[in-house]
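Shown here: target-v7.cif, mmCIF, C-alpha atoms (C1' of nucleotides).
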```cif
data_data
#
loop_
_atom_site.label_atom_id
_atom_site.label_comp_id
_atom_site.auth_asym_id
_atom_site.auth_seq_id
_atom_site.Cartn_x
_atom_site.Cartn_y
_atom_site.Cartn_z
CA MET A 71 72.16 119.80 42.04
CA SER A 72 74.67 121.78 44.00
CA GLY A 73 78.08 121.25 42.50
CA ILE A 74 80.40 119.36 40.26
CA SER A 75 80.47 115.83 41.51
CA ARG A 76 83.14 114.80 43.91
CA PHE A 77 84.50 111.35 43.24
CA THR A 78 86.51 109.39 45.73
CA PRO A 79 90.29 109.44 45.53
CA GLU A 80 90.18 105.78 44.51
CA GLN A 81 87.93 106.60 41.60
CA ILE A 82 90.16 109.42 40.46
CA ALA A 83 93.15 107.12 40.81
CA THR A 84 91.36 104.66 38.54
CA ALA A 85 90.82 107.37 35.98
CA LYS A 86 94.50 108.19 36.06
CA ARG A 87 95.44 104.58 35.58
CA HIS A 88 93.16 104.57 32.57
CA ALA A 89 94.84 107.64 31.20
CA LYS A 90 98.21 106.01 31.61
CA ALA A 91 97.19 102.76 29.95
CA THR A 92 98.62 102.03 26.55
CA PRO A 93 96.43 103.55 23.85
CA PRO A 94 94.45 100.69 22.28
CA ASP A 95 95.43 101.59 18.74
CA ASP A 96 95.55 98.01 17.59
CA LEU A 97 91.83 97.59 17.92
CA ASP A 98 89.78 95.55 15.51
CA PRO A 99 87.87 98.00 13.29
CA ARG A 100 84.60 96.24 14.13
CA ILE A 101 85.34 96.65 17.80
CA GLU A 102 86.00 100.29 17.16
CA ALA A 103 82.53 100.75 15.71
CA LEU A 104 81.12 99.19 18.85
CA VAL A 105 83.18 101.54 20.98
CA ASN A 106 81.85 104.48 19.01
CA ASP A 107 78.32 103.27 19.60
CA LEU A 108 78.97 102.88 23.28
CA ILE A 109 80.37 106.39 23.43
CA GLY A 110 77.30 107.68 21.68
CA ARG A 111 75.08 106.03 24.22
CA VAL A 112 77.02 107.00 27.24
CA ALA A 113 77.85 110.57 26.24
CA ASP A 114 74.18 111.45 26.51
CA LYS A 115 73.23 114.56 28.42
CA TRP A 116 70.88 112.95 30.94
CA THR A 117 73.17 109.99 31.47
CA MET A 118 75.97 112.34 32.40
CA LEU A 119 73.82 114.35 34.76
CA ILE A 120 72.40 111.29 36.50
CA LEU A 121 75.88 109.89 36.76
CA GLU A 122 76.97 113.08 38.45
CA VAL A 123 74.10 113.24 40.93
CA LEU A 124 74.35 109.58 41.91
CA GLY A 125 78.11 109.88 42.19
CA GLU A 126 77.66 112.77 44.54
CA LYS A 127 74.73 111.58 46.64
CA GLY A 128 75.33 107.84 46.69
CA THR A 129 71.86 106.29 46.87
CA LEU A 130 68.63 107.98 45.86
CA ARG A 131 64.98 107.17 45.37
CA PHE A 132 63.23 107.82 42.09
CA THR A 133 61.43 111.03 42.95
CA ARG A 134 64.35 112.58 44.80
CA LEU A 135 66.62 111.78 41.88
CA GLY A 136 64.19 113.49 39.55
CA GLU A 137 64.30 116.61 41.72
CA LEU A 138 68.07 116.72 41.77
CA VAL A 139 68.55 116.28 38.04
CA GLU A 140 67.53 119.75 37.00
CA GLY A 141 65.02 119.89 34.20
CA ILE A 142 64.58 116.20 33.50
CA SER A 143 61.10 114.92 32.75
CA GLN A 144 59.88 111.80 34.46
CA LYS A 145 59.80 110.03 31.14
CA MET A 146 63.45 110.67 30.41
CA LEU A 147 64.38 109.82 33.97
CA THR A 148 62.74 106.41 33.71
CA GLN A 149 64.08 105.81 30.24
CA THR A 150 67.64 106.83 31.03
CA LEU A 151 67.71 104.87 34.27
CA ARG A 152 66.51 101.71 32.48
CA GLN A 153 69.20 102.19 29.88
CA MET A 154 71.85 102.69 32.51
CA GLU A 155 70.63 99.69 34.44
CA ARG A 156 70.78 97.56 31.32
CA ASP A 157 74.32 98.73 30.63
CA GLY A 158 75.29 97.81 34.16
CA LEU A 159 75.92 101.39 35.25
CA VAL A 160 73.30 101.63 38.00
CA ALA A 161 71.81 99.12 40.41
CA ARG A 162 68.08 99.26 41.06
CA THR A 163 66.72 97.96 44.34
CA VAL A 164 62.99 97.45 44.78
CA TYR A 165 61.55 97.21 48.26
CA PRO A 166 58.26 95.30 48.20
CA VAL A 167 56.40 97.74 50.41
CA VAL A 168 53.41 100.02 50.08
CA PRO A 169 53.87 102.69 48.91
CA PRO A 170 56.62 101.43 46.60
CA LYS A 171 60.21 102.25 47.37
CA VAL A 172 62.94 101.97 44.76
CA GLU A 173 66.52 102.95 45.26
CA TYR A 174 69.18 103.68 42.68
CA GLN A 175 72.92 103.73 43.07
CA LEU A 176 75.95 103.52 40.84
CA THR A 177 77.61 100.18 40.27
CA PRO A 178 81.43 100.10 40.32
CA LEU A 179 81.22 100.22 36.52
CA GLY A 180 79.05 103.31 36.66
CA ALA A 181 81.35 104.93 39.19
CA SER A 182 84.33 104.29 36.94
CA LEU A 183 82.54 105.96 34.04
CA GLY A 184 81.80 108.89 36.30
CA ALA A 185 85.48 109.13 37.10
CA ALA A 186 86.34 109.01 33.41
CA PHE A 187 83.97 111.90 32.76
CA CYS A 188 85.44 113.89 35.60
CA GLY A 189 88.04 115.42 33.30
CA VAL A 190 85.38 116.67 30.94
CA TRP A 191 83.45 118.35 33.73
CA ILE A 192 86.55 120.07 34.93
CA TRP A 193 87.44 121.10 31.41
CA ALA A 194 84.00 122.65 30.98
CA ALA A 195 84.21 124.52 34.26
CA GLU A 196 87.69 125.79 33.56
CA ASN A 197 87.18 126.79 29.95
CA LEU A 198 83.65 128.14 30.09
CA LYS A 199 84.83 131.74 29.97
CA GLN A 200 87.16 131.07 27.10
CA VAL A 201 84.42 129.42 25.08
CA GLU A 202 82.10 132.34 25.75
CA ARG A 203 84.77 134.76 24.62
CA ALA A 204 85.33 132.77 21.46
CA ARG A 205 81.59 132.89 20.73
CA VAL A 206 81.34 136.63 21.17
CA GLN A 207 84.33 137.09 18.91
CA PHE A 208 82.88 134.74 16.29
CA ASP A 209 79.48 136.43 16.33
CA GLU A 210 80.92 139.90 15.99
CA LYS A 211 83.06 138.85 13.08
CA ALA A 212 79.97 137.38 11.45
CA LYS A 213 78.09 140.66 11.91
CA THR A 214 80.63 142.85 10.15
CA VAL A 215 80.64 140.45 7.22
CA MET B 131 89.09 106.31 11.07
CA SER B 132 91.66 103.77 12.10
CA GLY B 133 92.05 103.91 15.84
CA ILE B 134 91.48 105.64 19.11
CA SER B 135 93.18 108.98 18.84
CA ARG B 136 96.62 109.42 20.22
CA PHE B 137 97.20 112.65 22.03
CA THR B 138 100.57 114.07 22.80
CA PRO B 139 102.15 113.47 26.20
CA GLU B 140 101.77 117.16 26.93
CA GLN B 141 98.04 116.96 26.29
CA ILE B 142 97.68 113.96 28.52
CA ALA B 143 99.72 115.72 31.18
CA THR B 144 97.30 118.63 30.93
CA ALA B 145 94.40 116.26 31.46
CA LYS B 146 96.06 114.90 34.54
CA ARG B 147 96.62 118.34 35.92
CA HIS B 148 92.93 118.96 35.38
CA ALA B 149 92.09 115.79 37.25
CA LYS B 150 94.26 116.90 40.14
CA ALA B 151 92.80 120.37 40.35
CA THR B 152 90.58 121.15 43.31
CA PRO B 153 87.01 120.25 42.49
CA PRO B 154 85.17 123.52 41.83
CA ASP B 155 82.39 122.78 44.29
CA ASP B 156 81.98 126.37 45.27
CA LEU B 157 80.58 127.31 41.88
CA ASP B 158 77.81 129.82 41.44
CA PRO B 159 74.62 127.85 40.66
CA ARG B 160 74.05 129.97 37.56
CA ILE B 161 77.53 129.17 36.40
CA GLU B 162 76.77 125.54 36.96
CA ALA B 163 73.80 125.69 34.62
CA LEU B 164 76.10 127.17 32.00
CA VAL B 165 78.59 124.38 32.54
CA ASN B 166 75.81 121.85 32.10
CA ASP B 167 74.83 123.51 28.84
CA LEU B 168 78.39 123.49 27.65
CA ILE B 169 78.67 119.81 28.50
CA GLY B 170 75.53 119.14 26.55
CA ARG B 171 76.93 120.90 23.53
CA VAL B 172 80.34 119.39 23.66
CA ALA B 173 79.29 115.83 24.53
CA ASP B 174 77.70 115.53 21.11
CA LYS B 175 78.46 112.43 19.07
CA TRP B 176 79.76 114.18 15.95
CA THR B 177 81.73 116.70 17.96
CA MET B 178 83.52 113.89 19.72
CA LEU B 179 84.26 112.02 16.52
CA ILE B 180 85.55 115.11 14.72
CA LEU B 181 87.63 115.94 17.75
CA GLU B 182 89.14 112.49 17.58
CA VAL B 183 89.89 112.56 13.87
CA LEU B 184 91.40 116.04 13.94
CA GLY B 185 93.39 115.14 17.04
CA GLU B 186 94.80 112.16 15.22
CA LYS B 187 95.40 113.62 11.77
CA GLY B 188 96.30 117.20 12.61
CA THR B 189 95.03 119.23 9.66
CA LEU B 190 92.36 118.17 7.19
CA ARG B 191 90.32 119.56 4.33
CA PHE B 192 86.55 119.47 4.35
CA THR B 193 85.98 116.49 2.06
CA ARG B 194 88.74 114.38 3.56
CA LEU B 195 87.39 115.07 7.02
CA GLY B 196 83.97 113.93 5.87
CA GLU B 197 85.45 110.67 4.64
CA LEU B 198 87.25 110.00 7.89
CA VAL B 199 84.30 110.67 10.15
CA GLU B 200 82.41 107.48 9.45
CA GLY B 201 78.76 107.98 8.60
CA ILE B 202 78.49 111.75 8.92
CA SER B 203 76.38 113.64 6.40
CA GLN B 204 77.74 116.75 4.79
CA LYS B 205 75.09 118.77 6.52
CA MET B 206 76.07 117.62 9.98
CA LEU B 207 79.73 118.00 9.13
CA THR B 208 79.22 121.63 8.17
CA GLN B 209 76.95 122.31 11.09
CA THR B 210 79.19 120.67 13.68
CA LEU B 211 82.32 122.34 12.32
CA ARG B 212 80.66 125.76 12.48
CA GLN B 213 79.61 125.12 16.00
CA MET B 214 83.07 124.00 16.98
CA GLU B 215 84.59 126.98 15.26
CA ARG B 216 82.26 129.31 17.11
CA ASP B 217 83.17 127.68 20.39
CA GLY B 218 86.85 128.15 19.60
CA LEU B 219 87.56 124.43 19.29
CA VAL B 220 88.68 124.36 15.67
CA ALA B 221 90.45 126.85 13.42
CA ARG B 222 89.22 127.24 9.87
CA THR B 223 91.63 128.44 7.22
CA VAL B 224 90.35 129.48 3.82
CA TYR B 225 92.77 129.67 0.89
CA PRO B 226 91.45 132.08 -1.75
CA VAL B 227 92.13 129.79 -4.68
CA VAL B 228 90.09 128.06 -7.34
CA PRO B 229 88.88 125.46 -6.61
CA PRO B 230 88.36 126.45 -2.98
CA LYS B 231 90.60 124.99 -0.33
CA VAL B 232 89.62 125.05 3.33
CA GLU B 233 91.60 123.48 6.12
CA TYR B 234 90.50 122.58 9.61
CA GLN B 235 92.60 121.94 12.68
CA LEU B 236 92.14 121.88 16.42
CA THR B 237 92.91 124.96 18.44
CA PRO B 238 94.77 124.49 21.73
CA LEU B 239 91.37 124.69 23.41
CA GLY B 240 90.01 121.95 21.17
CA ALA B 241 93.05 119.80 21.79
CA SER B 242 92.61 120.18 25.54
CA LEU B 243 89.01 119.04 25.24
CA GLY B 244 90.19 116.06 23.25
CA ALA B 245 92.59 115.23 26.04
CA ALA B 246 89.81 115.53 28.59
CA PHE B 247 87.71 113.08 26.59
CA CYS B 248 90.58 110.67 26.31
CA GLY B 249 89.62 108.98 29.56
CA VAL B 250 86.12 108.33 28.31
CA TRP B 251 87.39 106.70 25.12
CA ILE B 252 89.64 104.47 27.09
CA TRP B 253 86.86 103.63 29.49
CA ALA B 254 84.63 102.62 26.60
CA ALA B 255 87.31 100.46 25.03
CA GLU B 256 88.17 98.78 28.30
CA ASN B 257 84.64 98.19 29.50
CA LEU B 258 82.89 97.34 26.27
CA LYS B 259 82.80 93.63 27.04
CA GLN B 260 81.53 94.21 30.53
CA VAL B 261 78.71 96.41 29.27
CA GLU B 262 77.76 93.81 26.69
CA ARG B 263 77.69 91.13 29.37
CA ALA B 264 75.49 93.31 31.54
CA ARG B 265 73.09 93.80 28.65
CA VAL B 266 72.77 90.10 27.92
CA GLN B 267 72.13 89.43 31.58
CA PHE B 268 69.54 92.18 31.80
CA ASP B 269 67.73 91.00 28.69
CA GLU B 270 67.58 87.41 29.83
CA LYS B 271 66.22 88.40 33.19
CA ALA B 272 63.56 90.43 31.43
CA LYS B 273 62.57 87.40 29.32
CA THR B 274 61.93 85.07 32.21
CA VAL B 275 59.72 87.69 33.81
"C1'" DC C 224 85.82 121.95 -3.77
"C1'" DG C 225 83.22 123.64 -0.02
"C1'" DG C 226 79.58 124.65 1.22
"C1'" DG C 227 74.32 127.09 1.41
"C1'" DA C 228 69.26 126.34 0.85
"C1'" DT C 229 65.27 123.23 0.91
"C1'" DC C 230 62.41 119.53 1.68
"C1'" DC C 231 61.04 116.03 4.58
"C1'" DC C 232 60.78 112.38 7.79
"C1'" DA C 233 61.76 109.84 12.12
"C1'" DC C 234 62.51 110.03 16.34
"C1'" DT C 235 63.39 112.64 20.78
"C1'" DG C 236 61.50 114.17 24.42
"C1'" DG C 237 57.88 117.12 27.04
"C1'" DA C 238 53.09 117.33 29.11
"C1'" DT C 239 49.37 114.99 30.81
"C1'" DA C 240 46.58 111.34 32.59
"C1'" DC C 241 46.14 106.83 34.53
"C1'" DT C 242 47.55 102.57 37.71
"C1'" DG C 243 49.42 98.97 41.06
"C1'" DC D 183 55.65 106.37 45.21
"C1'" DA D 184 57.16 104.75 40.99
"C1'" DG D 185 56.19 104.13 37.27
"C1'" DT D 186 53.27 103.08 32.27
"C1'" DA D 187 50.56 104.87 28.36
"C1'" DT D 188 49.20 108.28 25.11
"C1'" DC D 189 49.46 112.28 22.51
"C1'" DC D 190 51.89 115.78 20.24
"C1'" DA D 191 55.41 119.48 18.96
"C1'" DG D 192 60.05 120.35 17.93
"C1'" DT D 193 64.09 119.22 15.73
"C1'" DG D 194 68.02 116.30 14.52
"C1'" DG D 195 69.57 114.81 10.63
"C1'" DG D 196 69.47 112.67 5.74
"C1'" DA D 197 68.81 113.55 0.61
"C1'" DT D 198 68.95 116.58 -3.06
"C1'" DC D 199 69.91 120.56 -5.76
"C1'" DC D 200 72.51 124.60 -6.59
"C1'" DC D 201 76.16 128.19 -6.57
"C1'" DG D 202 80.83 130.82 -6.34
#
```
Structure translated into structure tokens:
Amino acid sequence: MSGISRFTPEQIATAKRHAKATPPDDLDPRIEALVNDLIGRVADKWTMLILEVLGEKGTLRFTRLGELVEGISQKMLTQTLRQMERDGLVARTVYPVVPPKVEYQLTPLGASLGAAFCGVWIWAAENLKQVERARVQFDEKAKTV
Amino acid sequence: MSGISRFTPEQIATAKRHAKATPPDDLDPRIEALVNDLIGRVADKWTMLILEVLGEKGTLRFTRLGELVEGISQKMLTQTLRQMERDGLVARTVYPVVPPKVEYQLTPLGASLGAAFCGVWIWAAENLKQVERARVQFDEKAKTV
DNA sequence: CGGGATCCCACTGGATACTG
DNA sequence: CAGTATCCAGTGGGATCCCG
């Protein structure tokens, strides 16, 4: 993994349109619970990292993807990819050849989620130092007490 | 919890400025690992929900906050709040009275993170149906096989 | 009221080995 | 190559009790 993912201008434009959309405050409470669940599923560490790598590289085979997602075990890679495929975030293409060849790429839905997460990545990159400073400060205060 | 949080126009504007900023592709790889860690920490379910509730309500006491964050145990509430306080996301104010009174509110840093997450909330609300459709489709395909 | 301390379980997720 | 299957340790997180 060599950098924060770069999404296309169209994807970023989509994210901005989302941000401008009227806040859905009038949501059914039951719907809201579902949204919370979805957030919980989607805000997963590996999901976000896979989203980033696929957003950056386009199409990747299983093993290569595993190499690019730093630190992921093959079990979690399989598991997360299945989950994402089920949720319609990634498309899985199997070529019936020997040895097997399987390619993964983001669906438009997956790409739009990647764009939505873009702001969080940027926030993290921009505020990393500030968070670290806050931690040092907090820990020192805790010591003296 | 009664709705997706509403952030101020200024906060949303900040998010948009973030989105416009040049992608930090030239990051030090070590820095990138730190960013990934930070993402992992911050993309936590309870953190996101607390962020939402505090963003919506402003200032809250411990017990009230626990009521508003649907389903959280007191242990996780304490733990997550400490974490967020350490990271500089929430401010904790203790009033030396009996019985104790402790108030929590977002710091500017916490509010900016909330704004960054706003896009993800909206994405989830907008694409919930589509994800559910994808799941049904996936599950039915799996059955026939 | 706002936690801290403990106990305990379920599940997450890593390592390893095997297969079509 | 792209998984599946198995085993196992760590820990996320709930329940309970207690204290200042």
### Message
One decimal, in Å: what's the spacing between atom C1' of DT188 of chain D and atom CA of Lys271 of chain B?
### Response
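One can read the atom C1' of DT188 of chain D to atom CA of Lys271 of chain B distance as 27.4 Å.
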## Note on the structure
As a check of understanding: the span from atom CA of Asp269 of chain B to atom CA of Met154 of chain A is 13.0 Å
### Task
Can you work out the spacing between atom CA of Glu215 of chain B and atom C1' of DA233 of chain C in Å, to one decimal?
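Value for the atom CA of Glu215 of chain B-atom C1' of DA233 of chain C distance: 28.7 Å.
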### Query
Any idea what's packed within 8 Å of segment 190-197 of chain D, counting all atoms listed in the file, ignoring anything in its chain fewer than 3 positions away? Could you give it as a ChimeraX atom specification?
/B:203,205-206
### Message
Please expand the PyMOL selection byres ((chain C) within 10 of (chain A)) into the concrete residues it hits in this file, giving the result as a list in words.
### Response
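What the PyMOL selection byres ((chain C) within 10 of (chain A)) grabs from the file is DT235, DG236, DG237, DA238 and DG243 of chain C.
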Residues of chain A within 6 Å of chain B, counting only C-alpha atoms, what are they? List them as a short mmCIF file (atom, residue, chain, number, x, y, z; two decimals) with C-alpha atoms, in the coordinates of the input.
```
data_model
loop_
_atom_site.label_atom_id
_atom_site.label_comp_id
_atom_site.auth_asym_id
_atom_site.auth_seq_id
_atom_site.Cartn_x
_atom_site.Cartn_y
_atom_site.Cartn_z
CA GLY A 73 78.08 121.25 42.50
CA ILE A 74 80.40 119.36 40.26
CA ALA A 89 94.84 107.64 31.20
CA ASP A 95 95.43 101.59 18.74
CA VAL A 105 83.18 101.54 20.98
CA GLY A 110 77.30 107.68 21.68
CA ALA A 113 77.85 110.57 26.24
CA LYS A 115 73.23 114.56 28.42
CA ARG A 156 70.78 97.56 31.32
CA ASP A 157 74.32 98.73 30.63
CA GLY A 158 75.29 97.81 34.16
CA ALA A 186 86.34 109.01 33.41
CA GLY A 189 88.04 115.42 33.30
CA VAL A 190 85.38 116.67 30.94
CA ALA A 194 84.00 122.65 30.98
CA ALA A 195 84.21 124.52 34.26
CA VAL A 201 84.42 129.42 25.08
CA ALA A 204 85.33 132.77 21.46
CA ARG A 205 81.59 132.89 20.73
CA PHE A 208 82.88 134.74 16.29
#
```
### Message
If the PyMOL selection byres ((chain A) within 8 of (chain D)) were run on this exact file, what residues would it hold? Put them as a list in words.
### Response
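In the shown coordinates, the PyMOL selection byres ((chain A) within 8 of (chain D)) covers Phe132, Thr133, Thr148, Pro169, Pro170, Lys171 and Val172 of chain A.
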